[in-house]
Amino acid sequence: MKEDMKTQLLTKSPKDLLFQLAIPGIIGMVVIGLYPFMDGIFAGWIIGDYAMSAISISMSLTIINGGISALIGVGSASILSRAIGKGDKETTDKIFGNFCYWVILFSIVITVLGLVFAPNFLDLVGAKGNIKELGVRYLRVVFFGSIFVNFAQAGNMTMRGEGALKQSMMIMGVGALLNIILDPIFMKLMGEYAIEGAAIATVISQIVQAILTFHYFSKKSAFVGIHKIQKSKAIYSEMFSIGSSAMMMQILFAVQQTFLFKQAFAYGGDNWGILMSATMRLYMFSFIPLWGMSQGLQPVIGANFGAKQYQRVKDTMKIFMYGATILAAISWIPSMFFSEKSLSLFNVRSEIIEAGVMNFKLFYSTFILYGIMIMTLTFFQSIGDGKKASMIVMLRQLILFIPAILLLPKVFGGLAVWWAEPIVDFSMILLGLFFMLSRLRKMGKEEAINC
């Protein structure tokens, strides 16, 4: 089985690998995205649009868990896939123990900080009254599940590093289905504590996923076995270097949302806050299939780069870039042409939708190009170039975005709250593409030298 997957990664055609690895990766990540998406839908219909808004805003803070999962999972997956390409068993044997050590440590810290500072965070985004109260109640339950969500998600990413995308898809599928079943049940059973019911359903689902993920590593993994829980400097130094860009993208996405919500409340009151909440639910869910495709790309690029098969790296990038653009269009088309129906999924009041539909379209305008952005970032993570990946993330989500979202509305009016991000993203897509093509050209020269 070990040699079979390694052989496929190194010899199978990129188009075949796209379908073999990307499709289960997409399904698996969509399943992950169903947690906050379904929480938002059920809360909107069962409790009201204030509850939907509270969960949407609160999810900005729970992205911290996603950031830690990405730091550990993306870093471990990159190390693992390249070690498979090199045939480095010593490295693969250290993956699990190092992975568990950091999951436990970071999860304890996040749980404590999340419970203590939840109200302060909601103050930062400008949430008040019912929205703030419901948000704090939701967060204080969700953070108790930090260790389970971090183990399950980081473990899932590590599984994909060895090409086990079907198994990861099945595990996440079980968790998502359970969450969808439990969400409305717990919301209705708990009456005035319905918002806590939504959070409890999510935590239970994450516990089940964590158990299934541990079972995979203990019984079924082709490369990663259960070993002593301890940190390994040789592993974690590289894991932090590579995974930091993925973590920053998650954490800085939370920062982005914080500023977007704050500006929406500041320029348009509660109505714009509710509209931005629904917009961000759809926006985040639209991103998820692209991350799923990137999970299929990562082991192929990592293994072939580790084996110094640079032409296969180039061919694979070309195929996946085309595929990612088509995948982005699947979300972009309904968002642009069926905007009202998309927003009504969350039971947003019709007057808010009618007044804000153009704002929503402006926000989504460049989404069709986002597949290129995600594949570019994954390329640099996969070849171990953490610095370049981190630079792209920092420019996009911090250095350029924050001045844009703060200054453009002052200069051009409140509508700029909705088009500031697309302008920044379009610029970064072009820059990232330039960096990637330059690196691929250098690989050709490396290949000639090695021959």
# chains A, B, ... in the order shown; residues from 1 in each chain; ligands from 1
call {"tool": "residues_around", "arguments": {"residues": "A:Leu415", "least_positions_apart": "2", "cutoff": "12 Å", "atoms": "only C-alpha atoms", "output": "PyMOL selection string"}}
result
chain A and resi 260+263-264+266-268+272+356-363+405+408-413+417-421
call {"tool": "residues_around", "arguments": {"residues": "stretch 83-98 of chain A", "least_positions_apart": "3", "cutoff": "6 Å", "atoms": "only C-alpha atoms", "output": "ChimeraX atom specification"}}
result
/A:80,101,224,227-232,303,306-307
call {"tool": "residues_around", "arguments": {"residues": "A:Ile27", "least_positions_apart": "3", "cutoff": "8 Å", "atoms": "only C-alpha atoms", "output": "MDAnalysis selection string"}}
result
chainID A and resid 23:24 30:31 169 289 292
call {"tool": "residues_around", "arguments": {"residues": "stretch 132-144 of chain A", "least_positions_apart": "4", "cutoff": "8 Å", "atoms": "only C-alpha atoms", "output": "list in words"}}
result
Ala51, Ala54, Ile55, Ile57, Ser58, Thr62, Ile110, Thr111, Gly114, Leu115, Ala118, Pro119, Leu122, Asp123, Ala127, Lys128, Ile195, Glu196, Ala198, Ala199, Ile200, Thr202 and Val203 of chain A
call {"tool": "atom_distance", "arguments": {"atom1": "atom CA of A:Val300", "atom2": "atom CA of A:Met375"}}
result
12.4 Å
call {"tool": "residues_around", "arguments": {"residues": "A:Trp45", "least_positions_apart": "6", "cutoff": "12 Å", "atoms": "only C-alpha atoms", "output": "list in words"}}
result
Met38, Asp39, Ala51, Met52, Ser53, Asp183, Pro184, Met187, Lys188, Ala194, Ser344, Leu345, Phe346, Asn347, Val348 and Arg349 of chain A
call {"tool": "residues_around", "arguments": {"residues": "A:Ala77", "least_positions_apart": "4", "cutoff": "7 Å", "atoms": "only C-alpha atoms", "output": "ChimeraX atom specification"}}
result
/A:73,81,157-158,160-161
call {"tool": "residues_around", "arguments": {"residues": "A:Thr279", "least_positions_apart": "3", "cutoff": "8 Å", "atoms": "only C-alpha atoms", "output": "list in words"}}
result
Leu275, Met276, Leu282, Tyr283, Leu343 and Phe360 of chain A
call {"tool": "atom_distance", "arguments": {"atom1": "atom CA of A:Met248", "atom2": "atom CA of A:Pro14"}}
result
29.1 Å
call {"tool": "closest_residue", "arguments": {"among": "A:Gly269, A:Ile372, A:Ala278, A:Ile242", "to": "A:Ile319", "atoms": "only C-alpha atoms"}}
result
A:Ile372
call {"tool": "closest_residue", "arguments": {"among": "A:Thr378, A:Asn271, A:Thr258, A:Ser286", "to": "A:Met321", "atoms": "only C-alpha atoms"}}
result
A:Thr378
